[in-house]
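K.L.:
Below is entry_2.txt; it holds compact mmCIF, C-alpha atoms.
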# COMPACT_ATOMS: atom_id res chain seq x y z
CA MET A 174 1.86 27.26 35.10
CA VAL A 175 -0.34 27.21 32.01
CA MET A 176 -2.52 24.10 31.88
CA PRO A 177 -1.89 21.78 28.89
CA TYR A 178 -5.27 22.17 27.19
CA HIS A 179 -5.17 25.93 27.59
CA TYR A 180 -1.73 25.92 26.08
CA LEU A 181 -2.93 23.78 23.18
CA SER A 182 -5.68 26.26 22.33
CA LEU A 183 -3.21 29.13 22.39
CA VAL A 184 -0.65 27.49 20.14
CA LEU A 185 -3.29 26.43 17.67
CA LEU A 186 -4.44 30.02 17.29
CA ALA A 187 -0.86 31.21 16.91
CA THR A 188 0.27 28.59 14.43
CA SER A 189 -0.67 28.44 10.78
CA VAL A 190 -2.59 25.57 9.32
CA ALA A 191 0.55 24.54 7.48
CA ALA A 192 2.26 23.78 10.76
CA PHE A 193 -0.24 21.01 11.36
CA SER A 194 -0.24 19.62 7.83
CA ILE A 195 2.21 16.80 7.34
CA THR A 196 2.89 15.97 3.74
CA SER A 197 5.53 13.42 4.67
CA PRO A 198 4.64 9.80 3.92
CA LEU A 199 5.66 9.07 7.51
CA HIS A 200 2.43 10.54 8.86
CA SER A 201 -0.51 8.26 9.50
CA THR A 202 -3.53 8.23 11.77
CA GLN A 203 -4.44 4.66 11.00
CA LYS A 204 -5.06 2.07 13.68
CA HIS A 205 -2.24 -0.25 14.63
CA GLY A 206 -2.25 -3.70 13.09
CA SER A 207 -0.14 -6.57 14.31
CA PRO A 208 3.65 -6.04 14.17
CA PHE A 209 5.20 -5.79 10.70
CA VAL A 210 1.84 -5.88 8.87
CA PRO A 211 1.37 -2.86 6.55
CA ARG A 212 -1.39 -0.49 7.56
CA LEU A 213 -4.52 0.07 5.57
CA SER A 214 -4.07 1.53 2.11
CA SER A 215 -5.10 5.10 1.48
CA SER A 216 -8.21 3.90 -0.34
CA THR A 217 -9.44 1.92 2.69
CA LEU A 218 -11.69 3.42 5.35
CA LEU A 219 -9.80 3.88 8.61
CA SER A 220 -10.92 1.66 11.48
CA ALA A 221 -9.43 3.99 14.10
CA LYS A 222 -9.40 7.76 14.27
CA PRO A 223 -7.60 10.35 16.35
CA GLY A 224 -9.31 10.35 19.71
CA ASP A 225 -9.56 6.54 19.88
CA PHE A 226 -6.20 6.24 21.66
CA GLU A 227 -5.93 5.96 25.46
CA TYR A 228 -2.20 6.68 25.60
CA ALA A 229 0.65 7.79 23.36
CA LEU A 230 4.35 6.94 23.20
CA ILE A 231 6.30 9.61 21.34
CA PHE A 232 9.98 9.36 20.44
CA ASP A 233 12.50 12.05 19.69
CA CYS A 234 14.75 10.98 16.82
CA ASP A 235 18.35 12.19 17.18
CA GLY A 236 19.94 10.66 20.26
CA VAL A 237 16.90 8.48 21.02
CA ILE A 238 16.19 6.26 18.03
CA ILE A 239 19.79 6.57 16.95
CA GLU A 240 22.85 8.31 18.37
CA THR A 241 23.23 10.80 15.58
CA GLU A 242 24.76 13.80 17.29
CA GLU A 243 28.34 12.99 16.26
CA LEU A 244 27.16 12.42 12.69
CA HIS A 245 25.43 15.81 12.77
CA ARG A 246 28.63 17.45 14.04
CA LEU A 247 30.74 15.85 11.32
CA ALA A 248 28.23 16.92 8.66
CA TYR A 249 28.19 20.52 9.91
CA ASN A 250 31.98 20.71 9.91
CA ALA A 251 32.08 19.24 6.40
CA ALA A 252 29.56 21.84 5.25
CA PHE A 253 31.57 24.64 6.88
CA LYS A 254 34.73 23.38 5.16
CA ALA A 255 33.03 23.07 1.78
CA ALA A 256 31.84 26.68 2.05
CA GLY A 257 35.30 27.83 3.12
CA LEU A 258 34.02 29.56 6.26
CA GLN A 259 36.50 31.68 8.21
CA ILE A 260 36.33 34.09 11.13
CA ASP A 261 39.46 36.17 11.76
CA GLY A 262 41.36 33.90 9.41
CA GLU A 263 40.46 30.73 11.33
CA PRO A 264 38.22 27.99 9.91
CA VAL A 265 34.81 27.48 11.49
CA GLU A 266 34.76 24.10 13.22
CA TRP A 267 32.69 22.69 16.07
CA SER A 268 34.47 20.52 18.63
CA VAL A 269 32.80 17.58 20.37
CA ALA A 270 32.60 19.47 23.66
CA TYR A 271 31.16 22.59 22.04
CA TYR A 272 28.59 20.63 20.05
CA ASP A 273 27.43 19.01 23.30
CA VAL A 274 26.72 22.53 24.56
CA LEU A 275 24.76 23.38 21.42
CA VAL A 276 22.71 20.17 21.66
CA ASN A 277 21.64 21.06 25.19
CA THR A 278 21.01 24.72 24.42
CA VAL A 279 19.42 25.18 21.00
CA GLY A 280 16.94 23.16 18.96
CA GLY A 281 17.30 22.74 15.19
CA GLY A 282 20.33 23.07 12.94
CA LYS A 283 19.69 26.60 11.75
CA GLY A 284 19.13 27.69 15.34
CA LYS A 285 22.48 26.22 16.32
CA MET A 286 24.29 28.09 13.55
CA PHE A 287 22.59 31.39 14.34
CA TYR A 288 23.42 30.89 18.02
CA HIS A 289 27.06 30.17 17.18
CA PHE A 290 27.54 33.22 14.99
CA ARG A 291 25.44 35.62 17.05
CA ASN A 292 26.19 34.49 20.58
CA THR A 293 29.46 32.55 20.59
CA THR A 294 31.60 34.27 17.97
CA GLY A 295 29.63 37.52 17.75
CA ALA A 296 30.31 37.62 14.01
CA PHE A 297 29.19 35.89 10.84
CA PRO A 298 31.96 34.23 8.82
CA MET A 299 33.60 35.13 5.56
CA SER A 300 33.26 32.34 2.99
CA GLU A 301 35.10 30.89 -0.01
CA ASP A 302 38.30 30.80 2.08
CA GLY A 303 38.09 34.48 2.90
CA SER A 304 37.46 35.80 -0.61
CA LYS A 305 33.77 36.54 0.08
CA GLN A 306 32.83 39.03 2.76
CA ALA A 307 30.67 38.06 5.71
CA PRO A 308 26.92 38.65 5.25
CA GLU A 309 25.74 41.89 6.81
CA THR A 310 21.97 42.13 6.37
CA PRO A 311 19.48 39.73 7.98
CA ASP A 312 18.50 38.47 4.53
CA GLU A 313 22.13 37.76 3.61
CA GLN A 314 22.72 36.00 6.92
CA GLN A 315 19.59 33.89 6.47
CA ALA A 316 20.66 32.96 2.94
CA LEU A 317 24.05 31.75 4.21
CA ILE A 318 22.45 29.69 6.98
CA ASP A 319 19.92 28.19 4.55
CA SER A 320 22.67 27.22 2.10
CA LEU A 321 24.81 25.67 4.82
CA GLN A 322 21.86 23.72 6.19
CA ASP A 323 20.92 22.36 2.76
CA ASN A 324 24.44 21.09 2.12
CA LYS A 325 24.78 19.77 5.66
CA THR A 326 21.58 17.75 5.24
CA GLU A 327 22.88 16.04 2.11
CA LEU A 328 26.20 15.25 3.80
CA TYR A 329 24.37 13.94 6.86
CA LYS A 330 22.14 11.68 4.77
CA SER A 331 25.24 10.09 3.27
CA LEU A 332 26.68 9.46 6.75
CA ILE A 333 23.37 7.95 7.91
CA GLU A 334 23.36 5.56 4.97
CA GLU A 335 26.81 4.35 6.00
CA LYS A 336 26.65 4.32 9.79
CA ALA A 337 23.08 4.41 11.14
CA VAL A 338 22.29 1.81 13.82
CA PRO A 339 19.31 2.06 16.23
CA ARG A 340 20.04 2.42 19.92
CA PRO A 341 19.56 -0.92 21.72
CA GLY A 342 15.99 -1.56 22.86
CA VAL A 343 14.31 1.29 20.98
CA ILE A 344 12.85 -0.83 18.18
CA GLU A 345 11.55 -3.43 20.64
CA LEU A 346 9.85 -0.75 22.74
CA MET A 347 8.33 0.83 19.66
CA ASP A 348 7.05 -2.52 18.39
CA ALA A 349 5.42 -3.28 21.73
CA ALA A 350 3.57 0.04 21.57
CA ILE A 351 2.57 -0.48 17.94
CA ALA A 352 1.10 -3.87 18.89
CA ASP A 353 -1.27 -2.20 21.38
CA PRO A 354 -4.26 -0.68 19.50
CA LYS A 355 -4.96 1.76 22.34
CA VAL A 356 -1.50 3.36 22.24
CA ALA A 357 -0.56 5.85 19.57
CA VAL A 358 3.08 5.90 18.46
CA GLY A 359 4.87 8.89 17.01
CA VAL A 360 8.07 10.79 16.37
CA CYS A 361 8.66 14.47 17.15
CA SER A 362 12.02 15.83 16.02
CA ALA A 363 13.37 19.35 15.59
CA SER A 364 15.51 18.15 12.67
CA THR A 365 14.53 18.78 9.06
CA LYS A 366 12.12 16.48 7.27
CA ALA A 367 14.79 15.38 4.81
CA ALA A 368 17.18 14.36 7.59
CA VAL A 369 14.60 12.57 9.78
CA THR A 370 13.01 10.79 6.83
CA LYS A 371 16.41 9.30 5.99
CA VAL A 372 17.07 8.24 9.59
CA LEU A 373 13.67 6.58 9.96
CA ALA A 374 13.91 4.86 6.60
CA VAL A 375 17.27 3.33 7.53
CA THR A 376 16.57 2.48 11.18
CA LEU A 377 12.87 1.60 11.25
CA GLY A 378 12.23 0.28 7.76
CA GLU A 379 9.29 1.25 5.57
CA GLU A 380 6.63 -0.98 7.11
CA ARG A 381 7.32 0.08 10.68
CA ARG A 382 7.61 3.77 9.94
CA ASN A 383 4.32 3.68 8.03
CA LYS A 384 2.67 2.56 11.27
CA LEU A 385 3.50 5.80 13.05
CA ASP A 386 0.34 7.66 14.05
CA VAL A 387 1.96 11.07 14.09
CA CYS A 388 5.25 12.52 12.87
CA ILE A 389 5.96 16.21 13.55
CA LEU A 390 9.28 17.58 12.34
CA GLY A 391 11.20 20.83 12.50
CA ASP A 392 9.79 21.99 9.18
CA ASP A 393 6.24 21.62 10.47
CA VAL A 394 6.25 23.99 13.44
CA SER A 395 7.10 27.65 13.87
CA ARG A 396 8.93 27.23 17.19
CA LEU A 397 11.40 24.46 18.01
CA LYS A 398 12.36 22.72 21.25
CA PRO A 399 12.60 23.71 24.08
CA ASP A 400 9.30 25.36 23.16
CA PRO A 401 6.44 22.87 23.84
CA LEU A 402 4.78 23.50 20.47
CA ILE A 403 5.98 20.34 18.72
CA TYR A 404 4.60 18.04 21.43
CA ALA A 405 1.46 20.12 21.92
CA THR A 406 0.86 19.75 18.19
CA ALA A 407 1.23 15.97 18.41
CA ALA A 408 -1.30 15.75 21.25
CA GLU A 409 -3.75 17.94 19.36
CA ARG A 410 -3.37 15.88 16.21
CA LEU A 411 -4.00 12.67 18.15
CA GLN A 412 -6.83 14.32 20.12
CA ILE A 413 -5.39 13.02 23.36
CA ASP A 414 -4.83 14.54 26.80
CA PRO A 415 -1.09 15.40 27.08
CA LYS A 416 -1.11 13.77 30.52
CA ARG A 417 -1.64 10.45 28.73
CA CYS A 418 1.48 10.89 26.61
CA VAL A 419 4.96 9.59 27.43
CA VAL A 420 7.89 11.10 25.55
CA VAL A 421 11.29 9.47 25.12
CA GLU A 422 14.01 12.13 24.92
CA ASP A 423 17.76 12.40 25.39
CA SER A 424 18.44 16.10 25.95
CA LEU A 425 17.54 18.89 28.32
CA ILE A 426 15.84 20.96 25.63
CA GLY A 427 13.75 17.94 24.63
CA LEU A 428 12.78 17.35 28.26
CA LYS A 429 11.72 20.98 28.67
CA SER A 430 9.64 20.74 25.52
CA ALA A 431 7.83 17.59 26.66
CA LYS A 432 7.21 18.80 30.20
CA GLY A 433 6.09 22.20 28.92
CA ALA A 434 3.40 20.39 26.93
CA GLY A 435 2.24 18.57 30.08
CA MET A 436 3.61 15.11 29.21
CA LYS A 437 5.62 12.51 31.09
CA CYS A 438 9.21 12.17 29.88
CA LEU A 439 11.68 9.29 29.96
CA ILE A 440 15.28 10.33 29.31
CA THR A 441 17.68 7.92 27.61
CA TYR A 442 20.78 10.03 27.97
CA THR A 443 23.86 9.89 25.80
CA LYS A 444 27.52 10.63 26.45
CA GLY A 445 26.92 14.22 25.43
CA THR A 446 23.90 14.74 27.72
CA SER A 447 24.76 12.50 30.68
CA LYS A 448 25.87 15.37 32.94
CA GLU A 449 22.59 17.29 32.70
CA ASP A 450 20.37 17.44 35.82
CA PHE A 451 17.27 15.94 34.25
CA TYR A 452 15.37 15.29 37.48
CA ALA A 453 15.75 18.91 38.54
CA ASN A 454 13.98 19.80 35.30
CA GLY A 455 11.07 17.43 35.78
CA ALA A 456 12.13 14.13 34.20
CA ASP A 457 9.92 11.21 35.24
CA ALA A 458 12.71 8.69 34.69
CA LYS A 459 16.19 8.55 33.21
CA VAL A 460 18.29 5.61 32.07
CA PRO A 461 21.51 5.29 30.06
CA GLU A 462 19.93 2.89 27.60
CA ILE A 463 16.54 1.23 27.09
CA ALA A 464 17.75 -2.36 26.57
CA SER A 465 20.47 -2.67 29.21
CA SER A 466 18.35 -0.85 31.81
CA GLY A 467 15.42 -3.22 31.38
CA VAL A 468 12.92 -0.62 30.20
CA THR A 469 9.74 -2.29 28.93
CA PHE A 470 6.43 -1.15 27.52
CA GLU A 471 4.64 -2.59 30.56
CA GLY A 472 7.04 -0.84 32.92
CA ILE A 473 6.01 2.48 31.40
CA PHE A 474 2.28 2.06 30.85
CA GLY A 475 1.42 -0.60 33.45
CA PRO A 476 1.51 1.85 36.39
CA LEU A 477 -0.51 4.45 34.46
CA ARG A 478 -3.23 1.93 33.65
CA GLU A 479 -3.33 0.33 37.09
CA SER A 480 -2.83 3.30 39.42
CA GLY A 481 -3.64 6.42 37.42
CA LEU A 482 -1.90 9.12 35.41
CA ASP A 483 0.01 10.52 38.38
CA SER A 484 1.76 7.19 38.99
CA SER A 485 5.53 6.91 38.93
CA ILE A 486 6.98 4.94 36.02
CA LEU A 487 9.93 2.54 35.84
CA ASP A 488 10.43 2.32 39.61
CA GLY A 489 13.40 0.13 40.44
CA ILE A 490 14.86 0.62 36.97
CA LYS A 491 15.48 4.34 36.56
CA ASP A 492 18.70 5.97 37.75
If you convert what's in this file into structure tokens, what do you get?

P.N.:
Amino acid sequence: MVMPYHYLSLVLLATSVAAFSITSPLHSTQKHGSPFVPRLSSSTLLSAKPGDFEYALIFDCDGVIIETEELHRLAYNAAFKAAGLQIDGEPVEWSVAYYDVLVNTVGGGKGKMFYHFRNTTGAFPMSEDGSKQAPETPDEQQALIDSLQDNKTELYKSLIEEKAVPRPGVIELMDAAIADPKVAVGVCSASTKAAVTKVLAVTLGEERRNKLDVCILGDDVSRLKPDPLIYATAAERLQIDPKRCVVVEDSLIGLKSAKGAGMKCLITYTKGTSKEDFYANGADAKVPEIASSGVTFEGIFGPLRESGLDSSILDGIKD
């Protein structure tokens, strides 16, 4: 197995500078203040820098901060319907069961659509209710996927505005980490910047989201989960040993990404991911929900601080 630091050096050479440059206002490397106090302004010298953190707590977004997968599915189906997609005269539509498969197989929305048309159906769809022929060249296929993703994102943002509610216990866990100046807090999501920005704005609020020390999104990296790049990038940006990072994920591809980067991983599974064998794939702990399971900040980081980085976390709580 490739060691984490070796892997980091490789991915940094292979990835463009743009992949590590976050233009989103969500990104910050400022030191934590007390809960709900805005961080330093951009004109103020930073009192903490990457490398000052002893540990990091990094959250996935979809399925972890909020159960968004059904909203994603509805938005994709609405985008397919708006484009009039058809294959063999039948409309393109993703069922709940099939979308669960996609969630546990492919990272990113465009990846899911390419997988569906290339692997599941073996054909790209006609559009405009069958009046426009299916794309044939790679450029035409990419253009269709890009258009569908753009419309899906707008539809999804509208659904988030109406229905977004954080999963129980996530905000409390995040606040406890933010209150500790030695623990970096971040979000790493394979979703697009536009989609994640909307979710974080609605669920976290502006002040809390501005306290994130790192935010790496699908637009910022060249390879998506289950590739480890997104988490390796976060560790590099924070200048922290991946072994000191704990990731909160909900899916198998997210788990593989975190473990591939050399990090510990807590799974908060959802209805769509509950049947996956997370422990067989290296999960350090899994629970159905943070709040009802009694997951606490101290339960995660207490053992690491007291007994070392190889310590087990959440003993007596995890499934």

K.L.:
To one decimal place, how far is CA of Ala270 in chain A from CA of Lys330 in chain A in Å?

P.N.:
23.0 Å

K.L.:
Sort by chain and increasing residue number a table of all residues of range 206-324 of chain A within 12 Å of range 466-484 of chain A, each with its closest pair of atoms and their distance in Å to one decimal, counting only C-alpha atoms, and write it as a Markdown table.

P.N.:
| residue | atom | partner | partner_atom | distance |
| --- | --- | --- | --- | --- |
| A:Glu227 | CA | A:Arg478 | CA | 9.5 |
| A:Tyr228 | CA | A:Phe474 | CA | 8.3 |
| A:Ala229 | CA | A:Phe474 | CA | 9.6 |
| A:Leu230 | CA | A:Phe474 | CA | 9.3 |

K.L.:
Find the residue from A:Glu243, A:Pro401, A:Val265, A:Lys305 that sits nearest to His289 in chain A; use all atoms listed in the file when measuring.

P.N.:
A:Val265

K.L.:
With a distance cut-off of 8 Å and only C-alpha atoms, select the neighbouring residues of range 413-417 of chain A, excluding the residue or stretch itself and same-chain residues fewer than 2 positions from it, and output the selection as a PDB file with C-alpha atoms, in the frame of the given file.

P.N.:
ATOM      1  CA  PRO A 177      -1.890  21.780  28.890  1.00  0.00           C
ATOM      2  CA  TYR A 178      -5.270  22.170  27.190  1.00  0.00           C
ATOM      3  CA  PRO A 223      -7.600  10.350  16.350  1.00  0.00           C
ATOM      4  CA  GLY A 224      -9.310  10.350  19.710  1.00  0.00           C
ATOM      5  CA  PHE A 226      -6.200   6.240  21.660  1.00  0.00           C
ATOM      6  CA  GLU A 227      -5.930   5.960  25.460  1.00  0.00           C
ATOM      7  CA  TYR A 228      -2.200   6.680  25.600  1.00  0.00           C
ATOM      8  CA  ALA A 229       0.650   7.790  23.360  1.00  0.00           C
ATOM      9  CA  ALA A 405       1.460  20.120  21.920  1.00  0.00           C
ATOM     10  CA  ALA A 408      -1.300  15.750  21.250  1.00  0.00           C
ATOM     11  CA  GLU A 409      -3.750  17.940  19.360  1.00  0.00           C
ATOM     12  CA  ARG A 410      -3.370  15.880  16.210  1.00  0.00           C
ATOM     13  CA  LEU A 411      -4.000  12.670  18.150  1.00  0.00           C
ATOM     14  CA  VAL A 419       4.960   9.590  27.430  1.00  0.00           C
ATOM     15  CA  ALA A 434       3.400  20.390  26.930  1.00  0.00           C
ATOM     16  CA  GLY A 435       2.240  18.570  30.080  1.00  0.00           C
ATOM     17  CA  MET A 436       3.610  15.110  29.210  1.00  0.00           C
ATOM     18  CA  LYS A 437       5.620  12.510  31.090  1.00  0.00           C
ATOM     19  CA  LEU A 482      -1.900   9.120  35.410  1.00  0.00           C
TER      20      LEU A 482
END

K.L.:
Check the smallest atom-to-atom distance from each of A:Glu240, A:Glu309, A:Glu449, A:Asp323 to Glu462 in chain A using all atoms listed in the file, then report the winner.

P.N.:
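Closest residue, counting all atoms listed in the file: A:Glu240.
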
K.L.:
In terms of the shortest atom-to-atom distance over all atoms listed in the file, which of A:Ile490, A:Glu327, A:Ala453, A:Leu385 is closest to Ala352 in chain A?

P.N.:
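Distance minimum relative to Ala352 in chain A lands on A:Leu385.
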
K.L.:
What lies within 8 Å of Leu428 in chain A using only C-alpha atoms, ignoring chain neighbours under 5 positions off, as a list of chain:residue names?

P.N.:
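Here the answer would be A:Pro399, A:Glu422, A:Asp423, A:Cys438, A:Ile440, A:Phe451, A:Asn454, A:Gly455, A:Ala456.
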
K.L.:
What does the distance from CA of Asp400 in chain A to CA of Tyr249 in chain A come to in Å, to one decimal?

P.N.:
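A separation of 23.6 Å between them.
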
K.L.:
What is the distance between CA of Ala296 in chain A and CA of Lys325 in chain A, in Å to one decimal?

P.N.:
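Interatomic distance here is 20.5 Å.
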
K.L.:
Using all atoms listed in the file, which of the listed residues (A:Glu379, A:Gly391, A:Asp348, A:Glu334) sits closest to Tyr404 in chain A?

P.N.:
A:Gly391
